[in-house]
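Take a look at the structure set out below.
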Amino acid sequence: MNQIHIFLFFVWLLAFPAVSPALDEMTLPQLVEQTLEHFPDLKLADLNVEHVRQELPQIESQTGFVLSGKSGYSRDLSFIGTPSDNFSVAGELKRTLRTGERIGLSTSYRREDNSGGSFFPGYPNPASTINIDLNYRKPFWRDNGNPDLNQNLIIAGKQVEIAEANRKEQREQLASQAIDLFYAALSTRYRIDNSRLAIERARRLEKYVNERVELGLSEKKDQLQTKARLRAEQAAYHSLQLVWKQQRIMLNRLVGQPWNNDIRLSPSLHKPAVTVADMEPFFIDAQSFSPALMRGRGRLEIADALIEQQRNRRKDMLDLVVSAGVRNLAGDSGKGSVNSADWAGGVSIEYQRGLERRGFDAALYQARLERERVIQEMESVRYQLRYRLSSLVAEIVENQKTVESYRRRLESETLKYRESERLYRSARLDTNQLLQHEAELQAAELALHQQRVALLERYARLALLRGKLYR
């Protein structure tokens, strides 16, 4: 009994062999997402963005406190002609504010030892002097509001946006390559399927002709014709297989998979209704997504910032300078110890004007020319974008009609071929006409698939242009 069960088990295995799990089909959006996730060149673009982003903290640090100091010893003749030994120490803490004002705290210590004695009666020798000052500078014209710093911050921020736009453009280019390769490979798969069907029909016809030749109902030339037809289709099939293997390697390269990984392509894609009335909403989407316009907007703000900087440098300088501090003199005068201190301070106005203005005017004019150039380049991008969208929309509308026409043609060619087969089997149609009708059927099948692929590719191009193909 057990042997019978084992025998039945093996019979069941032969009748129902194990089926390997089907490969998941890859849609175009999945291919694009995996490409953008794995393609190594995008890592470099991310590094470029991060590199440019580090300009911001460098510029912001310009408003930080700066500490400086110095110390030294010197020996010289005093103003009364006697040798004098001098030792000094000085330090300063200063900062430039975002508003352009500058503040600073400075202190110094000086010890002077005159070997000839005191300069004046009651003046200490050696004498120690301590000075402490608080300084404040307020610009009214040039540098008021610190335009150099603030505009440099704007420029650095917009440089980050430009780097991000460059990365976005690189992603768009990769997505465009993925579209090209995906639909070229999908077209190849359809051609392979079309060739496989043609081979099946050729084999069926060859078998039928061989039977008729054996019965003396067909001539040898019919047998040779059908064999030649079969060999031609088999050659075309193997040639397409080679093309598909090359495309499969390129697809695996895009998504970071092993070169021989098998891939199944799915033509599934969101195909919204498209009419000429959709042009303006599509154009708004495309402008919002366009990396070129994003880069242009950043360059335009950089140009505005450079104009502000050049305007500032062209201004005259008018600064208010205020200082307040204390002074201390101490030492032994020979008649007793001296230690005197008092307040010190002052207010001054500083003015400066460059008499040669041509350099400033030329720099300002250059900045304005750059701004105008960026505006013209952005207008050119918008112009090209609108016409690319118009072309795609018009092509999609017509392509939809073409697909329907080719579908009706295929229906007619299918009916014609079936009728030709029936007539051939009843000896009312010769082999040449049957082969011709089979070739026309094959051409109609392939043409319909090509038109469908072309329509899908145009939908994908439209989605990419609008920023709707990937996240």
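By convention in this document, the chains of the structure tokens carry letters A, B, ... by their order, each chain's residues are numbered from 1, and ligands are numbered from 1 in the order they are shown.
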
Test item, strand (DSSP E) assignment across segment 141-359 of chain A, answer as a PyMOL selection string: chain A and resi 264-265+317-332+337-352

Skip Thr96 of chain A itself and residues of its chain fewer than 5 positions away, then list as a VMD selection string all residues within 8 Å of it, counting only C-alpha atoms. chain A and resid 62 to 65 101 to 103

With N, CA and C atoms kept, could you save the residues just selected as a CSV table (one decimal), in the first residue's frame?
```csv
chain,number,residue,atom,x,y,z
A,62,GLN,N,31.2,85.9,11.4
A,62,GLN,CA,31.8,87.2,11.3
A,62,GLN,C,31.2,88.2,12.3
A,63,THR,N,30.0,87.9,12.9
A,63,THR,CA,29.5,88.8,13.9
A,63,THR,C,29.9,88.4,15.3
A,64,GLY,N,30.8,87.4,15.4
A,64,GLY,CA,31.2,86.9,16.8
A,64,GLY,C,32.3,87.8,17.3
A,65,PHE,N,32.5,87.6,18.6
A,65,PHE,CA,33.5,88.4,19.3
A,65,PHE,C,34.9,88.0,18.8
A,101,GLU,N,27.0,98.4,13.4
A,101,GLU,CA,27.8,99.1,14.5
A,101,GLU,C,28.9,98.2,15.0
A,102,ARG,N,29.9,98.8,15.5
A,102,ARG,CA,31.0,98.1,16.1
A,102,ARG,C,31.3,98.5,17.5
A,103,ILE,N,31.5,97.6,18.3
A,103,ILE,CA,31.8,97.8,19.8
A,103,ILE,C,33.1,97.1,20.1
```

Counting only C-alpha atoms, the option among A:Asn166, A:Gln151, A:Asn86, A:Asn144 closest to Leu42 of chain A: A:Asn166

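By only C-alpha atoms, and with residues fewer than 3 positions from segment 292-301 of chain A along its chain excluded, the set lying at most 7 Å from it is Lys158, Glu161, Ile162, Ala165, Gln287, Asp304, Ala305, Arg371, Val374 and Met378 of chain A.
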
Selection from above, N, CA, C and O atoms, as a PDB file, in the first residue's frame, can you write it?
```pdb
ATOM      1  N   LYS A 158      21.218  81.324  -0.939  1.00  0.00           N
ATOM      2  CA  LYS A 158      20.787  81.050  -2.318  1.00  0.00           C
ATOM      3  C   LYS A 158      21.748  80.112  -3.035  1.00  0.00           C
ATOM      4  O   LYS A 158      21.336  79.369  -3.929  1.00  0.00           O
ATOM      5  N   GLU A 161      20.429  76.827  -2.304  1.00  0.00           N
ATOM      6  CA  GLU A 161      19.284  76.534  -3.171  1.00  0.00           C
ATOM      7  C   GLU A 161      19.730  76.154  -4.584  1.00  0.00           C
ATOM      8  O   GLU A 161      19.162  75.254  -5.211  1.00  0.00           O
ATOM      9  N   ILE A 162      20.776  76.830  -5.086  1.00  0.00           N
ATOM     10  CA  ILE A 162      21.281  76.512  -6.418  1.00  0.00           C
ATOM     11  C   ILE A 162      21.881  75.105  -6.434  1.00  0.00           C
ATOM     12  O   ILE A 162      21.672  74.333  -7.386  1.00  0.00           O
ATOM     13  N   ALA A 165      19.084  72.804  -6.511  1.00  0.00           N
ATOM     14  CA  ALA A 165      18.494  72.775  -7.858  1.00  0.00           C
ATOM     15  C   ALA A 165      19.341  71.932  -8.803  1.00  0.00           C
ATOM     16  O   ALA A 165      18.811  71.200  -9.649  1.00  0.00           O
ATOM     17  N   GLN A 287       6.434  74.982 -13.930  1.00  0.00           N
ATOM     18  CA  GLN A 287       7.243  76.092 -13.432  1.00  0.00           C
ATOM     19  C   GLN A 287       7.651  75.864 -11.983  1.00  0.00           C
ATOM     20  O   GLN A 287       8.783  76.170 -11.585  1.00  0.00           O
ATOM     21  N   ASP A 304      20.476  90.505  -6.916  1.00  0.00           N
ATOM     22  CA  ASP A 304      19.949  91.621  -6.114  1.00  0.00           C
ATOM     23  C   ASP A 304      20.855  91.912  -4.923  1.00  0.00           C
ATOM     24  O   ASP A 304      21.081  93.085  -4.574  1.00  0.00           O
ATOM     25  N   ALA A 305      21.368  90.859  -4.290  1.00  0.00           N
ATOM     26  CA  ALA A 305      22.262  91.046  -3.136  1.00  0.00           C
ATOM     27  C   ALA A 305      23.559  91.725  -3.561  1.00  0.00           C
ATOM     28  O   ALA A 305      24.071  92.612  -2.861  1.00  0.00           O
ATOM     29  N   ARG A 371      21.858  90.789 -13.330  1.00  0.00           N
ATOM     30  CA  ARG A 371      20.459  90.588 -12.973  1.00  0.00           C
ATOM     31  C   ARG A 371      19.583  90.511 -14.223  1.00  0.00           C
ATOM     32  O   ARG A 371      18.700  89.657 -14.331  1.00  0.00           O
ATOM     33  N   VAL A 374      20.026  87.138 -15.961  1.00  0.00           N
ATOM     34  CA  VAL A 374      19.309  86.047 -15.292  1.00  0.00           C
ATOM     35  C   VAL A 374      17.823  86.101 -15.638  1.00  0.00           C
ATOM     36  O   VAL A 374      17.194  85.067 -15.902  1.00  0.00           O
ATOM     37  N   MET A 378      15.695  83.148 -17.521  1.00  0.00           N
ATOM     38  CA  MET A 378      14.487  82.548 -16.951  1.00  0.00           C
ATOM     39  C   MET A 378      13.319  82.650 -17.923  1.00  0.00           C
ATOM     40  O   MET A 378      12.506  81.719 -18.035  1.00  0.00           O
TER      41      MET A 378
END
```

Would you give me, as a Markdown table, each residue of segment 95-189 of chain A having an atom within 10 Å of an atom of segment 234-246 of chain A, along with its shortest atom pair and that distance in Å to one decimal, using only C-alpha atoms and sorting by chain and residue number?
```
| residue | atom | partner | partner_atom | distance |
| --- | --- | --- | --- | --- |
| A:Ala184 | CA | A:Trp244 | CA | 9.3 |
| A:Ala185 | CA | A:Trp244 | CA | 6.5 |
| A:Leu186 | CA | A:Trp244 | CA | 9.1 |
| A:Ser187 | CA | A:Trp244 | CA | 9.6 |
| A:Thr188 | CA | A:Trp244 | CA | 6.3 |
| A:Arg189 | CA | A:Trp244 | CA | 7.2 |
```

What's around segment 321-326 of chain A at 12 Å? Count only C-alpha atoms, leave out sequence neighbours fewer than 2 positions away in its own chain, and write the answer as a PyMOL selection string. chain A and resi 101-108+129-140+318-319+328-329+340-351

Grab the atom CA of Gln309 of chain A to atom CA of Asp148 of chain A distance for me, in Å with one decimal place. 5.7 Å
